[in-house]
Amino acid sequence: MKSRTKAKPKPKPKAKVKAKAKAKKTVKAAPKPKAAPKKAAPKKAAPKKQKPAPEARKKPKPRKPAPDVMEAVPLPIEVTETSRRRMLTARDRSVRSSPVVEILDDPHPIGALRRFLDSIRGDATQQQAQIALGAAQLMLLPIAREHRGGSEVKELVDLVLHRWDDFGERRTGFHAQEFLRNAFAAIGVDRDRIARLEGVVPPVASAELLFSLASAHAIARDKVAMLRSVEAALAAGATSAQFRRDADFLPYQHDPDFALLLARADVPQIPVDVDPHVPAVRAALDSLVGTLREYGEQVELRPPIRLDAILDAERARKISLPNDYRALLTITNGMRLWEHEFFGAGDYRETTPLAARAMHWLHGAAVTGIEDCVPLACWGQPNDWLVYDPRGRVRGGEPGYVLMLNADEHALEDLASALAHLEVIARDVLGTN
């Protein structure tokens, strides 16, 4: 019996196998196409490195210190306003601003002044004394104008008085007297500090400083000290008119002792002797009136007045007119000549429009001694006046007439000279028109 044996499969040809493999590959899903890569932005060209300067090439690069050495390296300190001031040299400080201005511009001026004084060891130099006293008196000035008293005034006064002996010769100078004057005006009701301030007033003090001292005593209601200071101020050159006008002395205007003290210092009385002056005044007036009428100018002469009425007006106003002006009033009691208006007796007794204009001008004129002068005529313009200077303070010598032309003083010999001067001006001005 024949044995059954399985026949071995014949090997397939290689070409057919490869063909089947390719067929299987085509059956599989085709792979997704890949996205096209994004184009990269073009790179900027790197800046060319500059070649170091020849000197820089020679210097070796500093090595970084080791970690344990870093702590010993000083770090830069931030520059603040305080450190910047400390770095300024003396010349820089003088160019930048004065020490007085630096003290006043400080947020706490009194503290700045205290630091400045603390920096002075022993006696202050002349410049240091001027700085301290100048800054102190400028600090007190607005306080004296706006209000009195307060802790700031007390602190400032105590601070300066504590170092007063260190100022040496400057204690009697201008800055010291201005400090004291403003301190008296700003201190208010404080008798203790007023007494301490009075104790350092120099022996030869100005009339303004003594007037401020009297005002301080008046505010503090210390009548005895006030009268003593008023007498000293009058002796130094202050006038009774100043005390009568100042508001600080209003409570004492009817006090008999105060009134008697001022009456003694009033303008000295001029003995009445009118008759010798009448001819000269009449001749000058007739010539002036004739010239003005020749040129067609308006002339207004008022009826004359008796001598006793003139003297009554003087007593009411507490003035003393010169005899030649008294003579004019016996000829015409006031007049208007070519826009020049002369006082009559009624202008001294009452507040007429002419008298009001004169008082306004007197209070605003910045001329030493003008408050003592007696107005006689408005010389055509608001700031042009003919006045009589009873003490000679404006004239700088003897009493007499002064023609004020816009704050310029022109001394005249007498009333006849003033009328003649007006006639010359009238001829020059009116003759050319």
# chains A, B, ... in the order shown; residues from 1 in each chain; ligands from 1
$ closest_atom_pairs --of "region 179-271 of chain A" --to "region 355-378 of chain A" --cutoff "10 Å" --atoms "only C-alpha atoms" --output "CSV"
residue,atom,partner,partner_atom,distance
A:Gly237,CA,A:Gly369,CA,9.3
A:Ala238,CA,A:Gly369,CA,9.1
A:Thr239,CA,A:Asp372,CA,7.3
A:Ser240,CA,A:Asp372,CA,8.8
A:Ala241,CA,A:Asp372,CA,7.1
A:Gln242,CA,A:Glu371,CA,7.7
A:Asp266,CA,A:Asp372,CA,9.5
A:Val267,CA,A:Asp372,CA,8.0
$ write_last_selection --atoms "N, CA and C atoms" --output "PDB file, in the first residue's frame"
ATOM      1  N   GLY A 237      12.918 162.681  68.037  1.00  0.00           N
ATOM      2  CA  GLY A 237      12.481 163.211  66.747  1.00  0.00           C
ATOM      3  C   GLY A 237      11.100 162.797  66.308  1.00  0.00           C
ATOM      4  N   ALA A 238      10.427 161.926  67.035  1.00  0.00           N
ATOM      5  CA  ALA A 238       9.042 161.588  66.702  1.00  0.00           C
ATOM      6  C   ALA A 238       8.149 162.804  66.947  1.00  0.00           C
ATOM      7  N   THR A 239       7.005 162.854  66.296  1.00  0.00           N
ATOM      8  CA  THR A 239       6.117 164.007  66.410  1.00  0.00           C
ATOM      9  C   THR A 239       4.829 163.626  67.126  1.00  0.00           C
ATOM     10  N   SER A 240       4.202 164.639  67.694  1.00  0.00           N
ATOM     11  CA  SER A 240       2.921 164.398  68.362  1.00  0.00           C
ATOM     12  C   SER A 240       1.851 163.967  67.371  1.00  0.00           C
ATOM     13  N   ALA A 241       1.971 164.418  66.101  1.00  0.00           N
ATOM     14  CA  ALA A 241       0.995 164.012  65.086  1.00  0.00           C
ATOM     15  C   ALA A 241       1.047 162.507  64.851  1.00  0.00           C
ATOM     16  N   GLN A 242       2.223 161.916  64.906  1.00  0.00           N
ATOM     17  CA  GLN A 242       2.337 160.463  64.730  1.00  0.00           C
ATOM     18  C   GLN A 242       1.581 159.716  65.815  1.00  0.00           C
ATOM     19  N   ASP A 266       4.086 169.825  70.757  1.00  0.00           N
ATOM     20  CA  ASP A 266       3.422 170.348  69.565  1.00  0.00           C
ATOM     21  C   ASP A 266       4.290 171.387  68.877  1.00  0.00           C
ATOM     22  N   VAL A 267       3.875 171.744  67.678  1.00  0.00           N
ATOM     23  CA  VAL A 267       4.617 172.721  66.893  1.00  0.00           C
ATOM     24  C   VAL A 267       4.714 174.023  67.682  1.00  0.00           C
TER      25      VAL A 267
END
$ residues_around --residues "region 103-108 of chain A" --least-positions-apart "6" --cutoff "12 Å" --atoms "only C-alpha atoms" --output "list of chain:residue names"
A:Thr82, A:Ser97, A:Arg114, A:Arg115, A:Phe116, A:Leu117, A:Ile131, A:Ala132, A:Leu133, A:Gly134, A:Ala135, A:Ala136, A:Gln137, A:Leu138, A:Met139, A:Leu140, A:Glu152, A:Leu156
$ residues_around --residues "Ile187 (chain A)" --least-positions-apart "3" --cutoff "9 Å" --atoms "only C-alpha atoms" --output "list in words"
Ala144, Arg148, Gly149, Gly150, Val153, Lys154, Val157, Asn182, Ala183, Phe184, Asp190, Arg193, Ile194 and Ala216 of chain A
$ write_last_selection --atoms "N, CA and C atoms" --output "mmCIF file, in the first residue's frame"
data_model
loop_
_atom_site.group_PDB
_atom_site.id
_atom_site.type_symbol
_atom_site.label_atom_id
_atom_site.label_comp_id
_atom_site.auth_asym_id
_atom_site.auth_seq_id
_atom_site.Cartn_x
_atom_site.Cartn_y
_atom_site.Cartn_z
ATOM 1 N N ALA A 144 4.034 141.093 62.264
ATOM 2 C CA ALA A 144 3.702 142.402 62.807
ATOM 3 C C ALA A 144 2.617 143.075 61.991
ATOM 4 N N ARG A 148 -0.724 139.927 65.944
ATOM 5 C CA ARG A 148 0.265 140.042 67.014
ATOM 6 C C ARG A 148 0.193 138.821 67.912
ATOM 7 N N GLY A 149 1.306 138.584 68.592
ATOM 8 C CA GLY A 149 1.354 137.495 69.552
ATOM 9 C C GLY A 149 1.481 136.140 68.881
ATOM 10 N N GLY A 150 1.364 135.110 69.674
ATOM 11 C CA GLY A 150 1.457 133.757 69.144
ATOM 12 C C GLY A 150 2.741 133.073 69.555
ATOM 13 N N VAL A 153 6.135 133.961 67.588
ATOM 14 C CA VAL A 153 6.809 135.198 67.989
ATOM 15 C C VAL A 153 7.606 134.964 69.270
ATOM 16 N N LYS A 154 6.997 134.303 70.231
ATOM 17 C CA LYS A 154 7.692 134.048 71.502
ATOM 18 C C LYS A 154 8.929 133.181 71.289
ATOM 19 N N VAL A 157 11.650 135.336 69.477
ATOM 20 C CA VAL A 157 12.236 136.342 70.373
ATOM 21 C C VAL A 157 13.153 135.677 71.398
ATOM 22 N N ASN A 182 10.518 145.384 64.870
ATOM 23 C CA ASN A 182 9.504 144.419 64.435
ATOM 24 C C ASN A 182 9.057 143.511 65.577
ATOM 25 N N ALA A 183 9.973 143.234 66.515
ATOM 26 C CA ALA A 183 9.591 142.410 67.659
ATOM 27 C C ALA A 183 8.575 143.144 68.533
ATOM 28 N N PHE A 184 8.795 144.436 68.771
ATOM 29 C CA PHE A 184 7.833 145.218 69.559
ATOM 30 C C PHE A 184 6.475 145.268 68.864
ATOM 31 N N ASP A 190 2.438 140.981 76.152
ATOM 32 C CA ASP A 190 3.435 140.122 76.791
ATOM 33 C C ASP A 190 4.434 141.039 77.503
ATOM 34 N N ARG A 193 8.249 139.760 78.023
ATOM 35 C CA ARG A 193 9.151 139.809 76.868
ATOM 36 C C ARG A 193 9.375 141.238 76.399
ATOM 37 N N ILE A 194 8.372 142.116 76.539
ATOM 38 C CA ILE A 194 8.575 143.527 76.187
ATOM 39 C C ILE A 194 9.677 144.121 77.063
ATOM 40 N N ALA A 216 4.228 149.149 71.862
ATOM 41 C CA ALA A 216 4.135 147.863 72.561
ATOM 42 C C ALA A 216 3.604 148.052 73.975
#
$ residues_around --residues "Asp246 (chain A)" --least-positions-apart "3" --cutoff "12 Å" --atoms "only C-alpha atoms" --output "list of chain:residue names"
A:Phe211, A:Ser212, A:Ala214, A:Ser215, A:Ala218, A:Ile219, A:Thr239, A:Ser240, A:Ala241, A:Gln242, A:Phe243, A:Phe249, A:Leu250, A:Pro251, A:Tyr252, A:Gln253, A:His363
$ atom_distance --atom1 "CA of Asp384 (chain A)" --atom2 "CA of Leu405 (chain A)"
4.5 Å
$ residues_around --residues "Trp379 (chain A)" --least-positions-apart "4" --cutoff "7 Å" --atoms "only C-alpha atoms" --output "PDB file with N, CA and C atoms, in the first residue's frame"
ATOM      1  N   HIS A 340      -4.634 176.638  40.764  1.00  0.00           N
ATOM      2  CA  HIS A 340      -3.921 176.562  42.033  1.00  0.00           C
ATOM      3  C   HIS A 340      -4.879 177.051  43.116  1.00  0.00           C
ATOM      4  N   GLU A 341      -5.145 176.184  44.094  1.00  0.00           N
ATOM      5  CA  GLU A 341      -6.158 176.490  45.110  1.00  0.00           C
ATOM      6  C   GLU A 341      -5.493 176.676  46.471  1.00  0.00           C
ATOM      7  N   ASP A 384       1.447 167.971  43.816  1.00  0.00           N
ATOM      8  CA  ASP A 384       2.200 169.228  43.892  1.00  0.00           C
ATOM      9  C   ASP A 384       1.529 170.124  44.931  1.00  0.00           C
ATOM     10  N   TRP A 385       2.267 170.477  45.986  1.00  0.00           N
ATOM     11  CA  TRP A 385       1.689 171.239  47.087  1.00  0.00           C
ATOM     12  C   TRP A 385       2.695 172.260  47.616  1.00  0.00           C
ATOM     13  N   LEU A 386       2.146 173.378  48.065  1.00  0.00           N
ATOM     14  CA  LEU A 386       2.919 174.366  48.816  1.00  0.00           C
ATOM     15  C   LEU A 386       2.621 174.145  50.290  1.00  0.00           C
TER      16      LEU A 386
END
$ select_by_dssp --residues "region 110-206 of chain A" --states "alpha helix (DSSP H)" --output "VMD selection string"
chain A and resid 110 to 118 126 to 146 151 to 162 174 to 186 191 to 199
$ atom_distance --atom1 "CA of Arg181 (chain A)" --atom2 "CA of Leu213 (chain A)"
7.3 Å
$ closest_residue --among "A:Met335, A:Glu350, A:Asp123, A:Tyr325" --to "Tyr401 (chain A)" --atoms "only C-alpha atoms"
A:Tyr325
$ closest_residue --among "A:His421, A:Arg221, A:Arg302, A:His162" --to "Gly346 (chain A)" --atoms "only C-alpha atoms"
A:Arg302
$ decode --residues "region 346-400 of chain A" --atoms "C-alpha atoms" --output "CSV table (one decimal), in the first residue's frame"
chain,number,residue,atom,x,y,z
A,346,GLY,CA,-12.4,177.2,56.9
A,347,ASP,CA,-10.3,174.5,55.3
A,348,TYR,CA,-8.4,174.2,58.6
A,349,ARG,CA,-11.5,174.1,60.8
A,350,GLU,CA,-13.5,171.6,58.7
A,351,THR,CA,-12.8,168.6,56.4
A,352,THR,CA,-13.5,170.4,53.1
A,353,PRO,CA,-12.7,168.7,49.8
A,354,LEU,CA,-9.4,170.7,49.6
A,355,ALA,CA,-8.5,169.7,53.2
A,356,ALA,CA,-9.3,166.0,52.5
A,357,ARG,CA,-7.1,166.0,49.4
A,358,ALA,CA,-4.3,167.5,51.4
A,359,MET,CA,-4.6,164.9,54.2
A,360,HIS,CA,-4.6,162.1,51.6
A,361,TRP,CA,-1.4,163.4,50.1
A,362,LEU,CA,0.3,164.0,53.4
A,363,HIS,CA,-0.3,160.4,54.5
A,364,GLY,CA,0.9,159.0,51.2
A,365,ALA,CA,4.0,161.2,50.7
A,366,ALA,CA,7.2,159.2,51.6
A,367,VAL,CA,9.2,162.3,52.7
A,368,THR,CA,10.8,162.5,56.2
A,369,GLY,CA,9.1,165.2,58.3
A,370,ILE,CA,6.2,165.8,55.9
A,371,GLU,CA,3.7,164.8,58.6
A,372,ASP,CA,4.6,168.0,60.5
A,373,CYS,CA,4.1,170.3,57.5
A,374,VAL,CA,1.0,172.5,57.2
A,375,PRO,CA,-0.6,172.5,53.8
A,376,LEU,CA,-1.2,175.9,52.2
A,377,ALA,CA,-2.1,175.4,48.6
A,378,CYS,CA,-2.6,172.7,45.9
A,379,TRP,CA,-0.1,173.7,43.2
A,380,GLY,CA,-2.1,172.5,40.2
A,381,GLN,CA,-1.5,168.8,40.3
A,382,PRO,CA,-2.5,166.1,42.9
A,383,ASN,CA,1.1,165.6,44.1
A,384,ASP,CA,2.2,169.2,43.9
A,385,TRP,CA,1.7,171.2,47.1
A,386,LEU,CA,2.9,174.4,48.8
A,387,VAL,CA,3.5,173.6,52.5
A,388,TYR,CA,5.0,175.3,55.6
A,389,ASP,CA,7.7,173.3,57.4
A,390,PRO,CA,7.5,174.4,61.0
A,391,ARG,CA,10.5,172.3,62.3
A,392,GLY,CA,12.7,172.5,59.2
A,393,ARG,CA,12.8,168.7,58.9
A,394,VAL,CA,12.0,168.7,55.1
A,395,ARG,CA,14.1,171.8,54.4
A,396,GLY,CA,17.0,170.3,56.4
A,397,GLY,CA,17.5,173.5,58.5
A,398,GLU,CA,15.3,176.4,59.6
A,399,PRO,CA,11.5,176.5,59.3
A,400,GLY,CA,10.0,177.9,56.1
